[in-house]
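input_29.txt (compact mmCIF, N, CA and C atoms)
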```txt
# COMPACT_ATOMS: atom_id res chain seq x y z
N ALA J 1 -14.72 2.29 19.94
CA ALA J 1 -15.37 3.31 19.14
C ALA J 1 -16.70 2.82 18.62
N VAL J 2 -16.82 1.53 18.34
CA VAL J 2 -18.06 0.99 17.80
C VAL J 2 -19.18 1.09 18.81
N GLY J 3 -18.91 0.79 20.08
CA GLY J 3 -19.94 0.81 21.11
C GLY J 3 -20.51 2.19 21.35
N CYS J 4 -19.72 3.23 21.20
CA CYS J 4 -20.18 4.59 21.45
C CYS J 4 -21.10 5.09 20.34
N VAL J 5 -20.87 4.69 19.13
CA VAL J 5 -21.60 5.22 17.99
C VAL J 5 -22.76 4.32 17.59
N GLY J 6 -22.62 3.04 17.73
CA GLY J 6 -23.61 2.09 17.24
C GLY J 6 -23.09 1.45 15.97
N VAL J 7 -23.31 0.18 15.84
CA VAL J 7 -22.75 -0.57 14.72
C VAL J 7 -23.22 -0.03 13.37
N HIS J 8 -24.50 0.20 13.23
CA HIS J 8 -25.03 0.64 11.93
C HIS J 8 -24.43 1.98 11.52
N ARG J 9 -24.38 2.91 12.44
CA ARG J 9 -23.82 4.23 12.13
C ARG J 9 -22.33 4.14 11.85
N TYR J 10 -21.64 3.27 12.57
CA TYR J 10 -20.21 3.06 12.36
C TYR J 10 -19.94 2.53 10.96
N VAL J 11 -20.71 1.53 10.54
CA VAL J 11 -20.54 0.94 9.21
C VAL J 11 -20.90 1.96 8.13
N GLN J 12 -21.89 2.79 8.38
CA GLN J 12 -22.26 3.82 7.41
C GLN J 12 -21.15 4.84 7.20
N GLY J 13 -20.23 4.93 8.14
CA GLY J 13 -19.11 5.86 8.02
C GLY J 13 -18.05 5.43 7.03
N PHE J 14 -18.09 4.18 6.60
CA PHE J 14 -17.12 3.70 5.62
C PHE J 14 -17.59 4.06 4.21
N HIS J 15 -16.65 4.51 3.41
CA HIS J 15 -16.96 4.89 2.03
C HIS J 15 -16.01 4.12 1.10
N PRO J 16 -16.53 3.11 0.43
CA PRO J 16 -15.68 2.28 -0.43
C PRO J 16 -15.41 2.91 -1.80
N ASP J 17 -15.62 4.22 -1.92
CA ASP J 17 -15.48 4.89 -3.20
C ASP J 17 -14.09 4.74 -3.81
N MET J 18 -13.08 4.66 -2.98
CA MET J 18 -11.70 4.65 -3.47
C MET J 18 -11.17 3.24 -3.74
N MET J 19 -11.97 2.22 -3.48
CA MET J 19 -11.49 0.84 -3.67
C MET J 19 -11.11 0.58 -5.12
N GLU J 20 -11.96 0.98 -6.04
CA GLU J 20 -11.68 0.73 -7.46
C GLU J 20 -10.47 1.55 -7.92
N VAL J 21 -10.33 2.75 -7.38
CA VAL J 21 -9.20 3.61 -7.72
C VAL J 21 -7.89 2.95 -7.29
N VAL J 22 -7.83 2.51 -6.03
CA VAL J 22 -6.61 1.87 -5.51
C VAL J 22 -6.35 0.56 -6.25
N TYR J 23 -7.40 -0.21 -6.51
CA TYR J 23 -7.24 -1.48 -7.23
C TYR J 23 -6.64 -1.23 -8.62
N SER J 24 -7.12 -0.20 -9.29
CA SER J 24 -6.57 0.12 -10.61
C SER J 24 -5.12 0.55 -10.52
N TRP J 25 -4.78 1.34 -9.49
CA TRP J 25 -3.40 1.79 -9.29
C TRP J 25 -2.47 0.60 -9.09
N VAL J 26 -2.87 -0.32 -8.24
CA VAL J 26 -2.04 -1.50 -7.96
C VAL J 26 -1.88 -2.36 -9.20
N ASN J 27 -2.86 -2.33 -10.07
CA ASN J 27 -2.79 -3.12 -11.29
C ASN J 27 -2.14 -2.37 -12.45
N GLY J 28 -1.51 -1.22 -12.16
CA GLY J 28 -0.69 -0.57 -13.17
C GLY J 28 -1.31 0.59 -13.92
N ALA J 29 -2.50 1.05 -13.51
CA ALA J 29 -3.12 2.20 -14.19
C ALA J 29 -2.28 3.46 -13.96
N ARG J 30 -2.32 4.36 -14.92
CA ARG J 30 -1.60 5.62 -14.77
C ARG J 30 -2.34 6.52 -13.78
N PHE J 31 -1.58 7.39 -13.11
CA PHE J 31 -2.16 8.26 -12.10
C PHE J 31 -3.26 9.14 -12.68
N VAL J 32 -3.04 9.67 -13.86
CA VAL J 32 -4.04 10.53 -14.48
C VAL J 32 -5.33 9.76 -14.74
N ASP J 33 -5.21 8.48 -15.06
CA ASP J 33 -6.39 7.65 -15.32
C ASP J 33 -7.17 7.37 -14.03
N ILE J 34 -6.46 7.08 -12.94
CA ILE J 34 -7.18 6.81 -11.70
C ILE J 34 -7.80 8.08 -11.13
N CYS J 35 -7.19 9.22 -11.39
CA CYS J 35 -7.78 10.47 -10.92
C CYS J 35 -9.08 10.78 -11.66
N SER J 36 -9.18 10.32 -12.88
CA SER J 36 -10.41 10.55 -13.64
C SER J 36 -11.54 9.61 -13.21
N MET J 37 -11.21 8.62 -12.39
CA MET J 37 -12.21 7.67 -11.90
C MET J 37 -12.97 8.18 -10.69
N THR J 38 -12.52 9.31 -10.12
CA THR J 38 -13.12 9.81 -8.89
C THR J 38 -13.21 11.33 -8.94
N THR J 39 -14.06 11.88 -8.09
CA THR J 39 -14.16 13.33 -7.98
C THR J 39 -13.25 13.85 -6.86
N ALA J 40 -12.56 12.95 -6.19
CA ALA J 40 -11.67 13.35 -5.10
C ALA J 40 -10.45 14.08 -5.66
N PHE J 41 -9.88 14.96 -4.86
CA PHE J 41 -8.67 15.66 -5.26
C PHE J 41 -7.50 14.70 -5.37
N GLU J 42 -6.50 15.06 -6.16
CA GLU J 42 -5.32 14.22 -6.35
C GLU J 42 -4.62 13.93 -5.02
N GLY J 43 -4.55 14.93 -4.16
CA GLY J 43 -3.92 14.75 -2.85
C GLY J 43 -4.65 13.72 -2.00
N THR J 44 -5.97 13.69 -2.13
CA THR J 44 -6.77 12.71 -1.40
C THR J 44 -6.47 11.31 -1.90
N VAL J 45 -6.33 11.15 -3.20
CA VAL J 45 -6.00 9.84 -3.78
C VAL J 45 -4.65 9.37 -3.25
N ILE J 46 -3.66 10.25 -3.27
CA ILE J 46 -2.33 9.90 -2.76
C ILE J 46 -2.40 9.54 -1.29
N ARG J 47 -3.14 10.33 -0.52
CA ARG J 47 -3.25 10.08 0.93
C ARG J 47 -3.90 8.73 1.21
N VAL J 48 -4.93 8.38 0.46
CA VAL J 48 -5.60 7.08 0.64
C VAL J 48 -4.63 5.94 0.35
N ILE J 49 -3.88 6.05 -0.73
CA ILE J 49 -2.93 4.99 -1.09
C ILE J 49 -1.84 4.88 -0.03
N ARG J 50 -1.35 6.01 0.46
CA ARG J 50 -0.30 5.99 1.48
C ARG J 50 -0.81 5.40 2.79
N ARG J 51 -2.03 5.74 3.18
CA ARG J 51 -2.59 5.20 4.42
C ARG J 51 -2.81 3.69 4.30
N LEU J 52 -3.26 3.25 3.14
CA LEU J 52 -3.44 1.81 2.93
C LEU J 52 -2.10 1.09 2.96
N GLU J 53 -1.09 1.69 2.35
CA GLU J 53 0.24 1.08 2.37
C GLU J 53 0.77 0.99 3.80
N GLU J 54 0.52 2.00 4.60
CA GLU J 54 0.95 1.98 6.01
C GLU J 54 0.20 0.90 6.79
N LEU J 55 -1.09 0.74 6.52
CA LEU J 55 -1.87 -0.31 7.16
C LEU J 55 -1.33 -1.69 6.80
N VAL J 56 -1.02 -1.89 5.53
CA VAL J 56 -0.47 -3.18 5.10
C VAL J 56 0.89 -3.42 5.75
N ARG J 57 1.70 -2.37 5.88
CA ARG J 57 3.00 -2.50 6.54
C ARG J 57 2.82 -2.90 8.01
N GLN J 58 1.85 -2.30 8.68
CA GLN J 58 1.58 -2.65 10.08
C GLN J 58 1.06 -4.08 10.21
N LEU J 59 0.24 -4.51 9.25
CA LEU J 59 -0.22 -5.90 9.24
C LEU J 59 0.96 -6.86 9.07
N ALA J 60 1.88 -6.50 8.19
CA ALA J 60 3.06 -7.33 7.97
C ALA J 60 3.89 -7.43 9.24
N ASP J 61 4.07 -6.29 9.92
CA ASP J 61 4.83 -6.30 11.18
C ASP J 61 4.14 -7.13 12.24
N SER J 62 2.81 -7.03 12.31
CA SER J 62 2.05 -7.83 13.27
C SER J 62 2.16 -9.32 12.97
N ALA J 63 2.09 -9.67 11.70
CA ALA J 63 2.21 -11.08 11.31
C ALA J 63 3.60 -11.61 11.66
N LYS J 64 4.60 -10.75 11.50
CA LYS J 64 5.97 -11.15 11.83
C LYS J 64 6.10 -11.42 13.32
N VAL J 65 5.51 -10.56 14.15
CA VAL J 65 5.55 -10.74 15.60
C VAL J 65 4.83 -12.03 16.00
N CYS J 66 3.74 -12.33 15.31
CA CYS J 66 2.96 -13.54 15.62
C CYS J 66 3.52 -14.78 14.94
N VAL J 67 4.66 -14.65 14.29
CA VAL J 67 5.34 -15.74 13.57
C VAL J 67 4.41 -16.36 12.52
N ARG J 68 3.72 -15.49 11.78
CA ARG J 68 2.89 -15.93 10.65
C ARG J 68 3.61 -15.49 9.38
N TRP J 69 4.65 -16.24 9.00
CA TRP J 69 5.54 -15.83 7.93
C TRP J 69 4.85 -15.73 6.58
N CYS J 70 3.93 -16.62 6.31
CA CYS J 70 3.23 -16.59 5.02
C CYS J 70 2.42 -15.29 4.90
N LEU J 71 1.71 -14.92 5.97
CA LEU J 71 0.94 -13.69 5.97
C LEU J 71 1.87 -12.48 5.88
N HIS J 72 2.98 -12.54 6.57
CA HIS J 72 3.96 -11.45 6.53
C HIS J 72 4.45 -11.23 5.10
N GLU J 73 4.80 -12.30 4.42
CA GLU J 73 5.30 -12.20 3.05
C GLU J 73 4.23 -11.65 2.10
N GLN J 74 2.98 -12.06 2.30
CA GLN J 74 1.89 -11.57 1.46
C GLN J 74 1.67 -10.07 1.67
N CYS J 75 1.73 -9.63 2.91
CA CYS J 75 1.55 -8.21 3.20
C CYS J 75 2.70 -7.38 2.62
N VAL J 76 3.90 -7.87 2.75
CA VAL J 76 5.06 -7.16 2.20
C VAL J 76 4.92 -7.05 0.69
N ALA J 77 4.52 -8.13 0.04
CA ALA J 77 4.35 -8.12 -1.41
C ALA J 77 3.24 -7.16 -1.81
N GLY J 78 2.14 -7.14 -1.07
CA GLY J 78 1.03 -6.23 -1.36
C GLY J 78 1.41 -4.78 -1.19
N GLY J 79 2.15 -4.48 -0.14
CA GLY J 79 2.62 -3.12 0.07
C GLY J 79 3.58 -2.67 -1.01
N TRP J 80 4.41 -3.59 -1.46
CA TRP J 80 5.37 -3.28 -2.51
C TRP J 80 4.64 -2.93 -3.80
N LEU J 81 3.54 -3.62 -4.08
CA LEU J 81 2.80 -3.39 -5.32
C LEU J 81 2.25 -1.97 -5.41
N MET J 82 1.91 -1.39 -4.27
CA MET J 82 1.31 -0.06 -4.30
C MET J 82 2.27 0.99 -4.84
N TRP J 83 3.56 0.81 -4.66
CA TRP J 83 4.52 1.81 -5.11
C TRP J 83 5.37 1.33 -6.27
N ALA J 84 5.40 0.05 -6.53
CA ALA J 84 6.27 -0.49 -7.58
C ALA J 84 5.68 -0.29 -8.97
N VAL J 85 4.43 0.09 -9.09
CA VAL J 85 3.83 0.20 -10.42
C VAL J 85 4.55 1.21 -11.29
N ASP J 86 5.15 2.23 -10.69
CA ASP J 86 5.88 3.21 -11.48
C ASP J 86 7.06 2.60 -12.21
N PHE J 87 7.66 1.59 -11.62
CA PHE J 87 8.83 0.96 -12.21
C PHE J 87 8.46 -0.04 -13.29
N ARG J 88 7.19 -0.44 -13.37
CA ARG J 88 6.77 -1.42 -14.36
C ARG J 88 6.37 -0.76 -15.67
N ARG J 89 6.26 0.54 -15.72
CA ARG J 89 5.81 1.21 -16.95
C ARG J 89 6.96 1.55 -17.84
```
Please express the file's structure as structure tokens.
Amino acid sequence: AVGCVGVHRYVQGFHPDMMEVVYSWVNGARFVDICSMTTAFEGTVIRVIRRLEELVRQLADSAKVCVRWCLHEQCVAGGWLMWAVDFRR
């Protein structure tokens, strides 16, 4: 995909706007608070968090296949944090 579009245009397609929102969520912020950090709809925030959690799960599975147990454990722990914050409140 990068070769068809060009590196600069491909990189411009990334929008790090949700990084702070997801970081706050993982660190225990309330959903209403993270929604006030962005102009994105609530459904978009949930979708971003779910897609990131799926990516982390796939990274964990890949690390497991490659017998990289330390990386696997880190990915599993990171994925767990995205949804476990509700239980910490």
Could you give me, as a compact mmCIF listing (two decimals) with N, CA and C atoms, in the frame of the given file, the residues within 8 Å of range 30-36 of chain J, counting only N, CA and C atoms and dropping anything in the same chain fewer than 4 positions from it?
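Result file follows (selection-v5.txt):
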```txt
# COMPACT_ATOMS: atom_id res chain seq x y z
N GLU J 20 -11.96 0.98 -6.04
CA GLU J 20 -11.68 0.73 -7.46
C GLU J 20 -10.47 1.55 -7.92
N VAL J 21 -10.33 2.75 -7.38
CA VAL J 21 -9.20 3.61 -7.72
C VAL J 21 -7.89 2.95 -7.29
N VAL J 22 -7.83 2.51 -6.03
CA VAL J 22 -6.61 1.87 -5.51
C VAL J 22 -6.35 0.56 -6.25
N SER J 24 -7.12 -0.20 -9.29
CA SER J 24 -6.57 0.12 -10.61
C SER J 24 -5.12 0.55 -10.52
N TRP J 25 -4.78 1.34 -9.49
CA TRP J 25 -3.40 1.79 -9.29
C TRP J 25 -2.47 0.60 -9.09
N ALA J 40 -12.56 12.95 -6.19
CA ALA J 40 -11.67 13.35 -5.10
C ALA J 40 -10.45 14.08 -5.66
N PHE J 41 -9.88 14.96 -4.86
CA PHE J 41 -8.67 15.66 -5.26
C PHE J 41 -7.50 14.70 -5.37
N GLU J 42 -6.50 15.06 -6.16
CA GLU J 42 -5.32 14.22 -6.35
C GLU J 42 -4.62 13.93 -5.02
N VAL J 45 -6.33 11.15 -3.20
CA VAL J 45 -6.00 9.84 -3.78
C VAL J 45 -4.65 9.37 -3.25
```
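The residue that comes closest to Met18 in chain J, out of J:Glu73, J:Val48, J:Gly43, J:Val67 and on the basis of only N, CA and C atoms, is J:Val48.
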To one decimal place, how far is atom N of Cys70 in chain J from atom C of Asn27 in chain J in Å?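 Distance between the two atoms: 24.3 Å.
Our summary of the geometry notes that CA of Leu55 in chain J is positioned 23.7 Å from CA of His8 in chain J.
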Just need the box for range 42-50 of chain J, edges along x, y and z, holding every atom the file lists for it with 3 Å tacked onto each side, so centre and edge lengths in Å to one decimal, as JSON.
```
{"center_x": -3.5, "center_y": 10.0, "center_z": -1.8, "size_x": 12.5, "size_y": 16.2, "size_z": 15.1}
```
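Rounded to one decimal, CA of Thr39 in chain J and CA of Val7 in chain J lie 28.0 Å from each other.
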Per-residue DSSP, range 3-53 of chain J, filtered to helix (DSSP H, G or I), as a PyMOL selection string: chain J and resi 3-5+7-12+16-26+31-35+42-53
